[in-house]
$ cat work-v5.pdb   # PDB, C-alpha atoms
ATOM      1  CA  MET A   1      -8.267   2.040 -27.250
ATOM      2  CA  ARG A   2      -6.637   4.563 -29.537
ATOM      3  CA  THR A   3      -3.500   3.042 -31.009
ATOM      4  CA  SER A   4      -0.108   4.102 -32.300
ATOM      5  CA  THR A   5       2.967   2.143 -33.293
ATOM      6  CA  LEU A   6       6.038   1.196 -31.317
ATOM      7  CA  GLY A   7       8.116   3.788 -33.122
ATOM      8  CA  SER A   8       7.965   4.302 -36.871
ATOM      9  CA  GLN A   9       8.851   0.674 -37.652
ATOM     10  CA  GLY A  10       7.170  -1.197 -34.808
ATOM     11  CA  PRO A  11       3.884  -3.036 -34.316
ATOM     12  CA  GLU A  12       0.580  -1.406 -33.463
ATOM     13  CA  VAL A  13       0.023  -0.916 -29.720
ATOM     14  CA  GLY A  14      -2.472   0.801 -27.477
ATOM     15  CA  VAL A  15      -1.190   4.269 -26.607
ATOM     16  CA  VAL A  16      -1.240   3.388 -22.904
ATOM     17  CA  GLY A  17       0.706   0.296 -21.846
ATOM     18  CA  LEU A  18       1.044  -1.605 -18.580
ATOM     19  CA  GLY A  19       4.119  -1.704 -16.368
ATOM     20  CA  CYS A  20       4.143  -4.858 -14.249
ATOM     21  CA  MET A  21       6.992  -4.183 -11.791
ATOM     22  CA  GLY A  22       4.784  -3.333  -8.809
ATOM     23  CA  MET A  23       2.996  -6.657  -9.004
ATOM     24  CA  THR A  24       5.960  -8.411  -7.385
ATOM     25  CA  TRP A  25       8.551  -5.779  -6.492
ATOM     26  CA  ALA A  26       9.097  -2.497  -4.684
ATOM     27  CA  TYR A  27       5.501  -1.570  -3.822
ATOM     28  CA  ASP A  28       3.435  -2.972  -0.927
ATOM     29  CA  LEU A  29       4.826  -6.497  -1.101
ATOM     30  CA  ARG A  30       2.825  -7.724   1.884
ATOM     31  CA  ASN A  31      -0.292  -7.526  -0.271
ATOM     32  CA  ARG A  32       1.148  -9.332  -3.283
ATOM     33  CA  ASP A  33      -1.622 -11.207  -5.081
ATOM     34  CA  ASP A  34      -0.487 -13.072  -8.181
ATOM     35  CA  GLU A  35      -3.998 -14.228  -9.055
ATOM     36  CA  THR A  36      -5.249 -10.648  -9.190
ATOM     37  CA  SER A  37      -2.178  -9.585 -11.163
ATOM     38  CA  VAL A  38      -2.880 -12.232 -13.785
ATOM     39  CA  ARG A  39      -6.440 -10.968 -14.031
ATOM     40  CA  VAL A  40      -5.268  -7.351 -14.380
ATOM     41  CA  ILE A  41      -2.938  -8.244 -17.265
ATOM     42  CA  ARG A  42      -5.701 -10.091 -19.090
ATOM     43  CA  GLU A  43      -8.180  -7.273 -18.461
ATOM     44  CA  ALA A  44      -5.581  -4.871 -19.829
ATOM     45  CA  LEU A  45      -5.586  -6.760 -23.121
ATOM     46  CA  ASP A  46      -9.382  -6.588 -23.234
ATOM     47  CA  LEU A  47      -9.137  -2.799 -22.824
ATOM     48  CA  GLY A  48      -6.634  -2.487 -25.656
ATOM     49  CA  VAL A  49      -3.627  -2.075 -23.354
ATOM     50  CA  THR A  50      -1.390  -4.324 -25.424
ATOM     51  CA  LEU A  51       2.155  -3.266 -24.491
ATOM     52  CA  ILE A  52       3.019  -5.363 -21.418
ATOM     53  CA  ASP A  53       6.344  -4.456 -19.776
ATOM     54  CA  THR A  54       8.337  -6.533 -17.293
ATOM     55  CA  ALA A  55      12.010  -7.280 -16.474
ATOM     56  CA  ASP A  56      14.043 -10.221 -15.259
ATOM     57  CA  VAL A  57      15.197  -8.417 -12.107
ATOM     58  CA  TYR A  58      11.666  -7.608 -10.895
ATOM     59  CA  GLY A  59      10.914  -9.936  -8.022
ATOM     60  CA  PRO A  60      13.685 -10.836  -8.662
ATOM     61  CA  TYR A  61      12.671 -13.110 -11.533
ATOM     62  CA  SER A  62       9.137 -13.829 -10.312
ATOM     63  CA  ASN A  63       7.563 -10.942 -12.243
ATOM     64  CA  GLU A  64       8.237 -12.658 -15.547
ATOM     65  CA  GLU A  65       6.593 -15.800 -14.183
ATOM     66  CA  VAL A  66       3.424 -13.872 -13.305
ATOM     67  CA  VAL A  67       3.361 -12.218 -16.726
ATOM     68  CA  GLY A  68       3.993 -15.586 -18.363
ATOM     69  CA  ALA A  69       1.061 -17.125 -16.517
ATOM     70  CA  ALA A  70      -1.185 -14.249 -17.592
ATOM     71  CA  LEU A  71      -0.176 -14.569 -21.245
ATOM     72  CA  ALA A  72      -0.516 -18.338 -21.455
ATOM     73  CA  GLY A  73      -2.496 -19.782 -24.346
ATOM     74  CA  PRO A  74      -4.382 -17.350 -26.572
ATOM     75  CA  TYR A  75      -3.365 -14.261 -24.600
ATOM     76  CA  ARG A  76       0.238 -14.259 -25.825
ATOM     77  CA  GLU A  77      -0.601 -13.347 -29.413
ATOM     78  CA  ARG A  78      -2.664 -10.379 -28.215
ATOM     79  CA  ALA A  79       0.230  -8.791 -26.346
ATOM     80  CA  VAL A  80       3.304  -6.841 -27.399
ATOM     81  CA  LEU A  81       5.580  -8.335 -24.757
ATOM     82  CA  ALA A  82       8.591  -6.419 -23.474
ATOM     83  CA  THR A  83      11.180  -7.464 -20.913
ATOM     84  CA  LYS A  84      14.611  -6.235 -19.853
ATOM     85  CA  VAL A  85      18.110  -7.389 -19.002
ATOM     86  CA  GLY A  86      21.121  -5.696 -17.444
ATOM     87  CA  LEU A  87      20.204  -5.234 -13.788
ATOM     88  CA  VAL A  88      20.841  -7.973 -11.248
ATOM     89  CA  PRO A  89      20.027  -8.332  -7.545
ATOM     90  CA  GLY A  90      22.576  -6.348  -5.548
ATOM     91  CA  ASP A  91      24.808  -7.393  -2.691
ATOM     92  CA  GLY A  92      24.334  -6.205   0.883
ATOM     93  CA  ASP A  93      22.497  -2.870   1.045
ATOM     94  CA  LYS A  94      22.650  -2.380  -2.714
ATOM     95  CA  ARG A  95      19.250  -3.135  -4.206
ATOM     96  CA  VAL A  96      20.486  -3.778  -7.739
ATOM     97  CA  GLY A  97      23.753  -4.021  -9.643
ATOM     98  CA  ASN A  98      24.712  -3.877 -13.321
ATOM     99  CA  ASN A  99      25.636  -6.676 -15.680
ATOM    100  CA  GLY A 100      25.931  -5.796 -19.338
ATOM    101  CA  ARG A 101      28.388  -8.502 -20.294
ATOM    102  CA  PRO A 102      27.487 -10.222 -23.574
ATOM    103  CA  GLU A 103      27.488 -13.685 -22.008
ATOM    104  CA  HIS A 104      25.005 -12.491 -19.391
ATOM    105  CA  VAL A 105      22.689 -11.087 -22.060
ATOM    106  CA  LYS A 106      22.722 -14.299 -24.088
ATOM    107  CA  ARG A 107      22.116 -16.471 -21.041
ATOM    108  CA  SER A 108      19.429 -14.213 -19.620
ATOM    109  CA  ILE A 109      17.203 -14.180 -22.697
ATOM    110  CA  ASP A 110      16.840 -17.943 -22.504
ATOM    111  CA  GLU A 111      15.960 -17.760 -18.827
ATOM    112  CA  SER A 112      13.436 -14.975 -19.489
ATOM    113  CA  LEU A 113      11.777 -16.912 -22.300
ATOM    114  CA  ARG A 114      11.457 -19.928 -20.025
ATOM    115  CA  ARG A 115       9.811 -17.890 -17.275
ATOM    116  CA  LEU A 116       7.560 -16.094 -19.749
ATOM    117  CA  GLY A 117       6.557 -19.329 -21.443
ATOM    118  CA  THR A 118       7.216 -18.052 -24.959
ATOM    119  CA  ASP A 119       9.736 -18.554 -27.738
ATOM    120  CA  HIS A 120      10.335 -14.830 -28.287
ATOM    121  CA  VAL A 121       9.699 -11.396 -26.851
ATOM    122  CA  ASP A 122       8.559  -8.489 -28.972
ATOM    123  CA  LEU A 123      10.944  -6.058 -27.291
ATOM    124  CA  TYR A 124      14.123  -6.858 -25.351
ATOM    125  CA  GLN A 125      15.528  -3.859 -23.493
ATOM    126  CA  LEU A 126      18.838  -3.023 -21.864
ATOM    127  CA  HIS A 127      17.645  -2.017 -18.404
ATOM    128  CA  ARG A 128      20.710   0.119 -17.658
ATOM    129  CA  VAL A 129      24.035   0.620 -19.406
ATOM    130  CA  ASP A 130      26.780  -1.167 -17.481
ATOM    131  CA  PRO A 131      29.534   1.410 -16.846
ATOM    132  CA  GLU A 132      32.106  -1.395 -16.905
ATOM    133  CA  VAL A 133      31.144  -2.666 -20.382
ATOM    134  CA  PRO A 134      31.211  -0.617 -23.609
ATOM    135  CA  ILE A 135      27.648  -0.160 -24.800
ATOM    136  CA  GLU A 136      28.669  -1.437 -28.233
ATOM    137  CA  GLU A 137      29.519  -4.830 -26.743
ATOM    138  CA  THR A 138      26.277  -5.150 -24.815
ATOM    139  CA  TRP A 139      24.200  -3.886 -27.732
ATOM    140  CA  GLY A 140      25.945  -6.283 -30.077
ATOM    141  CA  ALA A 141      24.853  -9.154 -27.843
ATOM    142  CA  LEU A 142      21.263  -7.905 -27.927
ATOM    143  CA  ALA A 143      21.513  -7.722 -31.717
ATOM    144  CA  GLU A 144      22.533 -11.392 -31.686
ATOM    145  CA  VAL A 145      19.386 -12.148 -29.681
ATOM    146  CA  VAL A 146      17.374 -10.594 -32.519
ATOM    147  CA  ALA A 147      19.334 -12.560 -35.123
ATOM    148  CA  ALA A 148      18.544 -15.748 -33.217
ATOM    149  CA  GLY A 149      14.807 -14.989 -33.396
ATOM    150  CA  LYS A 150      14.461 -14.683 -29.624
ATOM    151  CA  ALA A 151      13.487 -10.991 -29.755
ATOM    152  CA  ARG A 152      11.755  -9.046 -32.528
ATOM    153  CA  ARG A 153      13.425  -5.726 -31.656
ATOM    154  CA  ILE A 154      15.622  -4.200 -28.963
ATOM    155  CA  GLY A 155      15.503  -1.062 -26.833
ATOM    156  CA  LEU A 156      17.372   0.974 -24.231
ATOM    157  CA  SER A 157      16.490   2.431 -20.842
ATOM    158  CA  GLU A 158      17.697   5.541 -19.000
ATOM    159  CA  VAL A 159      20.247   6.592 -21.620
ATOM    160  CA  THR A 160      21.654   9.783 -23.125
ATOM    161  CA  VAL A 161      21.403  10.799 -26.769
ATOM    162  CA  GLU A 162      25.096   9.979 -27.162
ATOM    163  CA  GLN A 163      24.495   6.442 -25.898
ATOM    164  CA  ILE A 164      21.545   6.015 -28.263
ATOM    165  CA  LYS A 165      23.721   7.066 -31.187
ATOM    166  CA  ARG A 166      26.467   4.632 -30.199
ATOM    167  CA  ALA A 167      23.933   1.815 -30.070
ATOM    168  CA  GLN A 168      22.382   2.835 -33.402
ATOM    169  CA  ALA A 169      25.764   2.453 -35.057
ATOM    170  CA  VAL A 170      25.588  -1.252 -34.165
ATOM    171  CA  HIS A 171      21.895  -2.101 -34.595
ATOM    172  CA  PRO A 172      18.605  -0.155 -34.858
ATOM    173  CA  VAL A 173      17.138   1.110 -31.577
ATOM    174  CA  ALA A 174      13.401   0.424 -31.400
ATOM    175  CA  SER A 175      12.648   2.128 -28.105
ATOM    176  CA  VAL A 176      13.986   4.132 -25.195
ATOM    177  CA  GLN A 177      12.445   3.781 -21.751
ATOM    178  CA  SER A 178      12.965   6.483 -19.124
ATOM    179  CA  GLU A 179      11.050   8.205 -16.384
ATOM    180  CA  LEU A 180       8.762  10.987 -17.595
ATOM    181  CA  SER A 181       5.900  12.668 -15.796
ATOM    182  CA  LEU A 182       4.698  16.083 -14.689
ATOM    183  CA  TRP A 183       7.309  15.971 -11.928
ATOM    184  CA  THR A 184      10.174  14.332 -13.887
ATOM    185  CA  ARG A 185      10.791  16.081 -17.214
ATOM    186  CA  ASP A 186      14.527  15.675 -17.788
ATOM    187  CA  ALA A 187      14.036  13.541 -20.903
ATOM    188  CA  LEU A 188      12.146  16.336 -22.667
ATOM    189  CA  ALA A 189      15.317  18.402 -23.034
ATOM    190  CA  GLU A 190      17.171  16.141 -25.471
ATOM    191  CA  VAL A 191      16.144  12.490 -25.440
ATOM    192  CA  VAL A 192      12.457  12.778 -26.415
ATOM    193  CA  PRO A 193      13.116  15.225 -29.288
ATOM    194  CA  TYR A 194      15.809  12.871 -30.582
ATOM    195  CA  THR A 195      13.669   9.735 -30.362
ATOM    196  CA  GLU A 196      10.763  11.495 -32.070
ATOM    197  CA  ALA A 197      13.009  12.651 -34.909
ATOM    198  CA  GLU A 198      14.473   9.154 -35.312
ATOM    199  CA  GLY A 199      11.134   7.322 -35.164
ATOM    200  CA  ILE A 200      12.118   5.600 -31.913
ATOM    201  CA  ALA A 201       9.393   4.812 -29.383
ATOM    202  CA  PHE A 202       9.748   6.536 -26.023
ATOM    203  CA  LEU A 203       8.259   4.557 -23.136
ATOM    204  CA  PRO A 204       7.783   6.660 -19.980
ATOM    205  CA  PHE A 205       7.865   4.664 -16.766
ATOM    206  CA  SER A 206       6.375   6.147 -13.581
ATOM    207  CA  PRO A 207       4.225   8.554 -15.640
ATOM    208  CA  LEU A 208       2.049   9.078 -12.548
ATOM    209  CA  GLY A 209       4.978  10.121 -10.372
ATOM    210  CA  ARG A 210       5.020   6.728  -8.610
ATOM    211  CA  GLY A 211       1.356   7.238  -7.794
ATOM    212  CA  PHE A 212       1.748  10.709  -6.304
ATOM    213  CA  LEU A 213       0.083  12.551  -9.207
ATOM    214  CA  THR A 214      -3.140  10.586  -8.759
ATOM    215  CA  GLY A 215      -3.866  12.652  -5.664
ATOM    216  CA  GLY A 216      -4.122   9.652  -3.392
ATOM    217  CA  ILE A 217      -0.962  10.242  -1.325
ATOM    218  CA  SER A 218      -0.779  13.176   1.063
ATOM    219  CA  SER A 219       1.494  11.699   3.733
ATOM    220  CA  VAL A 220       4.403   9.275   3.774
ATOM    221  CA  ASP A 221       2.538   7.429   6.540
ATOM    222  CA  GLN A 222       0.062   6.222   3.913
ATOM    223  CA  LEU A 223       2.770   4.097   2.300
ATOM    224  CA  PRO A 224       3.246   0.498   3.432
ATOM    225  CA  ALA A 225       6.260  -0.130   5.666
ATOM    226  CA  ASP A 226       8.050  -2.157   2.961
ATOM    227  CA  ASP A 227       7.314   0.309   0.127
ATOM    228  CA  PHE A 228      10.539   1.592  -1.461
ATOM    229  CA  ARG A 229       9.036   5.061  -1.988
ATOM    230  CA  ARG A 230       9.621   5.688   1.706
ATOM    231  CA  SER A 231      13.337   6.007   0.860
ATOM    232  CA  LEU A 232      12.890   8.474  -2.016
ATOM    233  CA  PRO A 233      13.614  12.192  -1.420
ATOM    234  CA  ARG A 234      10.342  13.415  -2.943
ATOM    235  CA  PHE A 235       8.307  11.271  -0.570
ATOM    236  CA  GLN A 236       9.939  12.553   2.608
ATOM    237  CA  GLN A 237       7.260  14.384   4.546
ATOM    238  CA  GLU A 238       8.513  17.947   4.079
ATOM    239  CA  ALA A 239       9.138  17.496   0.358
ATOM    240  CA  LEU A 240       5.896  15.615  -0.104
ATOM    241  CA  ALA A 241       3.941  18.427   1.525
ATOM    242  CA  ALA A 242       5.550  20.965  -0.812
ATOM    243  CA  ASN A 243       4.837  18.804  -3.855
ATOM    244  CA  LEU A 244       1.118  18.675  -3.119
ATOM    245  CA  ALA A 245       0.840  21.999  -4.961
ATOM    246  CA  LEU A 246       1.568  20.108  -8.191
ATOM    247  CA  VAL A 247      -1.241  17.683  -7.484
ATOM    248  CA  GLU A 248      -3.676  20.513  -6.783
ATOM    249  CA  LYS A 249      -3.100  21.920 -10.259
ATOM    250  CA  VAL A 250      -3.621  18.483 -11.800
ATOM    251  CA  LYS A 251      -6.878  18.151  -9.858
ATOM    252  CA  GLU A 252      -7.963  21.597 -11.025
ATOM    253  CA  VAL A 253      -7.436  20.680 -14.675
ATOM    254  CA  ALA A 254      -9.149  17.316 -14.127
ATOM    255  CA  GLY A 255     -12.228  19.085 -12.810
ATOM    256  CA  ARG A 256     -12.386  21.298 -15.890
ATOM    257  CA  VAL A 257     -12.039  18.515 -18.464
ATOM    258  CA  GLY A 258     -14.144  15.904 -16.665
ATOM    259  CA  ALA A 259     -11.359  13.412 -16.068
ATOM    260  CA  THR A 260      -9.513  11.962 -13.092
ATOM    261  CA  PRO A 261      -6.127  13.349 -11.957
ATOM    262  CA  ALA A 262      -4.433  10.167 -13.175
ATOM    263  CA  GLN A 263      -5.974  10.583 -16.620
ATOM    264  CA  VAL A 264      -4.853  14.206 -16.824
ATOM    265  CA  ALA A 265      -1.292  13.292 -15.813
ATOM    266  CA  LEU A 266      -1.198  10.547 -18.444
ATOM    267  CA  ALA A 267      -2.815  12.723 -21.114
ATOM    268  CA  TRP A 268      -0.080  15.310 -20.572
ATOM    269  CA  VAL A 269       2.557  12.607 -21.102
ATOM    270  CA  LEU A 270       0.798  11.388 -24.255
ATOM    271  CA  ALA A 271       0.849  14.936 -25.613
ATOM    272  CA  GLN A 272       4.656  15.026 -25.547
ATOM    273  CA  GLY A 273       5.111  13.159 -28.841
ATOM    274  CA  ARG A 274       3.651  10.846 -31.447
ATOM    275  CA  TYR A 275       5.723   7.897 -30.287
ATOM    276  CA  VAL A 276       5.487   8.611 -26.541
ATOM    277  CA  LEU A 277       3.700   5.598 -25.020
ATOM    278  CA  PRO A 278       3.426   5.664 -21.201
ATOM    279  CA  ILE A 279       3.478   2.414 -19.244
ATOM    280  CA  PRO A 280       1.814   3.186 -15.896
ATOM    281  CA  GLY A 281       2.054   0.346 -13.434
ATOM    282  CA  THR A 282      -0.809  -1.042 -11.417
ATOM    283  CA  LYS A 283      -2.001  -4.286  -9.871
ATOM    284  CA  THR A 284      -5.501  -2.963  -9.130
ATOM    285  CA  PRO A 285      -8.354  -3.483 -11.628
ATOM    286  CA  ARG A 286     -10.031  -0.107 -11.056
ATOM    287  CA  TYR A 287      -6.778   1.788 -11.491
ATOM    288  CA  LEU A 288      -6.175  -0.128 -14.716
ATOM    289  CA  VAL A 289      -9.513   1.063 -16.100
ATOM    290  CA  ASP A 290      -8.772   4.615 -14.970
ATOM    291  CA  ASN A 291      -5.366   4.620 -16.647
ATOM    292  CA  ALA A 292      -6.691   3.151 -19.881
ATOM    293  CA  GLY A 293      -9.295   5.917 -20.014
ATOM    294  CA  ALA A 294      -6.517   8.475 -20.396
ATOM    295  CA  ALA A 295      -6.285   7.486 -24.067
ATOM    296  CA  ASP A 296      -9.590   9.300 -24.626
ATOM    297  CA  VAL A 297      -8.597  12.508 -22.829
ATOM    298  CA  VAL A 298      -7.393  15.319 -25.077
ATOM    299  CA  LEU A 299      -6.242  18.316 -23.076
ATOM    300  CA  PRO A 300      -6.989  21.790 -24.478
ATOM    301  CA  ALA A 301      -3.945  23.903 -25.324
ATOM    302  CA  ALA A 302      -4.583  26.239 -22.392
ATOM    303  CA  ASP A 303      -4.610  23.355 -19.920
ATOM    304  CA  LEU A 304      -1.460  21.870 -21.418
ATOM    305  CA  ALA A 305       0.227  25.247 -21.038
ATOM    306  CA  GLU A 306      -0.772  25.425 -17.370
ATOM    307  CA  LEU A 307       0.648  21.992 -16.730
ATOM    308  CA  ASP A 308       3.801  22.821 -18.691
ATOM    309  CA  ALA A 309       4.315  25.796 -16.388
ATOM    310  CA  LEU A 310       4.283  23.760 -13.188
ATOM    311  CA  PRO A 311       7.456  24.239 -11.138
ATOM    312  CA  ALA A 312      10.016  21.510 -10.573
ATOM    313  CA  PRO A 313       9.252  19.235  -7.631
ATOM    314  CA  THR A 314      10.980  19.414  -4.274
ATOM    315  CA  GLY A 315      13.496  16.574  -3.844
ATOM    316  CA  GLY A 316      15.488  14.400  -6.226
ATOM    317  CA  ARG A 317      14.290  11.269  -8.007
ATOM    318  CA  TYR A 318      16.433   8.901  -5.922
TER     319      TYR A 318
END
$ encode --input "work-v5.pdb" --output "structure tokens"
Amino acid sequence: MRTSTLGSQGPEVGVVGLGCMGMTWAYDLRNRDDETSVRVIREALDLGVTLIDTADVYGPYSNEEVVGAALAGPYRERAVLATKVGLVPGDGDKRVGNNGRPEHVKRSIDESLRRLGTDHVDLYQLHRVDPEVPIEETWGALAEVVAAGKARRIGLSEVTVEQIKRAQAVHPVASVQSELSLWTRDALAEVVPYTEAEGIAFLPFSPLGRGFLTGGISSVDQLPADDFRRSLPRFQQEALAANLALVEKVKEVAGRVGATPAQVALAWVLAQGRYVLPIPGTKTPRYLVDNAGAADVVLPAADLAELDALPAPTGGRY
């Protein structure tokens, strides 16, 4: 696979990574298959998909165990392993809560390393800024994790430029992870230009619009009963029907360039910056191969312009 670096100072990685959340959390949990997930992660490495992204809260906690099993033995040194801290299982109807307290960060890295079966992670990310804790305090604790040799570098997720700057004043920011796709472009206004200028990696999650941009979802009834997308505004039937116009344009471009819709959607994301490295999630071998193939798709300027001109989607993100 074509490679880049994790920001200007980071290690070499394949330009397409792998998000592991859906293997144990949020999507179609009735069909969870850890054995297949382990195989997908190892096949990803064989394809050059070296950036493997997980989080402690996914599962909760079991996602890191699956990733750890996949990276056992010789596989660990082939991966650039990223995990996250800062979200915790919520109470009652709340799916997740925040915890950015320094003591939580320091305790959680040890628990993550145990589940992952490694003595360090290559990237430790603050999953969300805790509104009750100054970011400087949380980021200082992550910096201590680096000083202790338990993480090589640290990153942020879903933050503003102001928050990035506040963190930078404490310790270098290696990466910023946020949603970015043809139907979620908010980060392109300020965050992506800033990260590019600063040599910070930008890691788009859900670069395929939670699967919608692949063209495989035309009705909410196609989603499993326990799939969290059923609760999202853009997947409500009326909004979903309106958003199919976006997918039709992606399919049109795919037909012209000889690629799949997923590859076109990912190629558009890759075109947004030198250090933009999407991490599409999948637990299916054939989708993994499809996603990895996006690294070889270079969209002509006219096609990029058409995709840039697509209207905003109907419905909010959450």
$ resolve_selection --input "work-v5.pdb" --expression "the PyMOL selection byres ((chain A and resi 58) around 9)" --output "PDB file with C-alpha atoms, in the coordinates of the input"
ATOM      1  CA  CYS A  20       4.143  -4.858 -14.249  1.00  0.00           C
ATOM      2  CA  MET A  21       6.992  -4.183 -11.791  1.00  0.00           C
ATOM      3  CA  GLY A  22       4.784  -3.333  -8.809  1.00  0.00           C
ATOM      4  CA  MET A  23       2.996  -6.657  -9.004  1.00  0.00           C
ATOM      5  CA  THR A  24       5.960  -8.411  -7.385  1.00  0.00           C
ATOM      6  CA  TRP A  25       8.551  -5.779  -6.492  1.00  0.00           C
ATOM      7  CA  ALA A  26       9.097  -2.497  -4.684  1.00  0.00           C
ATOM      8  CA  THR A  54       8.337  -6.533 -17.293  1.00  0.00           C
ATOM      9  CA  ALA A  55      12.010  -7.280 -16.474  1.00  0.00           C
ATOM     10  CA  ASP A  56      14.043 -10.221 -15.259  1.00  0.00           C
ATOM     11  CA  VAL A  57      15.197  -8.417 -12.107  1.00  0.00           C
ATOM     12  CA  GLY A  59      10.914  -9.936  -8.022  1.00  0.00           C
ATOM     13  CA  PRO A  60      13.685 -10.836  -8.662  1.00  0.00           C
ATOM     14  CA  TYR A  61      12.671 -13.110 -11.533  1.00  0.00           C
ATOM     15  CA  SER A  62       9.137 -13.829 -10.312  1.00  0.00           C
ATOM     16  CA  ASN A  63       7.563 -10.942 -12.243  1.00  0.00           C
ATOM     17  CA  GLU A  64       8.237 -12.658 -15.547  1.00  0.00           C
TER      18      GLU A  64
END
$ closest_residue --input "work-v5.pdb" --among "A:Ile279, A:Leu240, A:Val85, A:Ala148" --to "Tyr124 in chain A" --atoms "all atoms listed in the file"
A:Val85
$ residues_near_point --input "work-v5.pdb" --point "(2.5, 6.6, -25.5)" --cutoff "7 Å" --atoms "all atoms listed in the file" --output "PDB file with C-alpha atoms, in the coordinates of the input"
ATOM      1  CA  VAL A  15      -1.190   4.269 -26.607  1.00  0.00           C
ATOM      2  CA  VAL A  16      -1.240   3.388 -22.904  1.00  0.00           C
ATOM      3  CA  LEU A 203       8.259   4.557 -23.136  1.00  0.00           C
ATOM      4  CA  LEU A 270       0.798  11.388 -24.255  1.00  0.00           C
ATOM      5  CA  TYR A 275       5.723   7.897 -30.287  1.00  0.00           C
ATOM      6  CA  VAL A 276       5.487   8.611 -26.541  1.00  0.00           C
ATOM      7  CA  LEU A 277       3.700   5.598 -25.020  1.00  0.00           C
ATOM      8  CA  PRO A 278       3.426   5.664 -21.201  1.00  0.00           C
TER       9      PRO A 278
END
$ resolve_selection --input "work-v5.pdb" --expression "the PyMOL selection byres ((chain A and resi 273) around 12)" --output "PyMOL selection string"
chain A and resi 4+7+15+187-188+191-197+199-204+267-272+274-278
$ resolve_selection --input "work-v5.pdb" --expression "the PyMOL selection byres ((chain A and resi 156) around 7)" --output "MDAnalysis selection string"
chainID A and resid 125:127 155 157:159 175:177
$ residues_near_point --input "work-v5.pdb" --point "(23.3, -1.1, -15.1)" --cutoff "10 Å" --atoms "only C-alpha atoms" --output "short mmCIF file (atom, residue, chain, number, x, y, z; two decimals) with C-alpha atoms, in the coordinates of the input"
data_model
loop_
_atom_site.label_atom_id
_atom_site.label_comp_id
_atom_site.auth_asym_id
_atom_site.auth_seq_id
_atom_site.Cartn_x
_atom_site.Cartn_y
_atom_site.Cartn_z
CA VAL A 85 18.11 -7.39 -19.00
CA GLY A 86 21.12 -5.70 -17.44
CA LEU A 87 20.20 -5.23 -13.79
CA VAL A 88 20.84 -7.97 -11.25
CA VAL A 96 20.49 -3.78 -7.74
CA GLY A 97 23.75 -4.02 -9.64
CA ASN A 98 24.71 -3.88 -13.32
CA ASN A 99 25.64 -6.68 -15.68
CA GLY A 100 25.93 -5.80 -19.34
CA LEU A 126 18.84 -3.02 -21.86
CA HIS A 127 17.64 -2.02 -18.40
CA ARG A 128 20.71 0.12 -17.66
CA VAL A 129 24.04 0.62 -19.41
CA ASP A 130 26.78 -1.17 -17.48
CA PRO A 131 29.53 1.41 -16.85
CA GLU A 132 32.11 -1.40 -16.90
CA VAL A 133 31.14 -2.67 -20.38
CA SER A 157 16.49 2.43 -20.84
CA GLU A 158 17.70 5.54 -19.00
#
$ closest_residue --input "work-v5.pdb" --among "A:Thr284, A:Pro207, A:Gly258, A:Gly140" --to "Arg32 in chain A" --atoms "only C-alpha atoms"
A:Thr284
$ atom_distance --input "work-v5.pdb" --atom1 "CA of Val297 in chain A" --atom2 "CA of Ile52 in chain A"
21.4 Å
$ residues_around --input "work-v5.pdb" --residues "Leu47 in chain A" --least-positions-apart "3" --cutoff "9 Å" --atoms "all atoms listed in the file" --output "count of residues only"
8
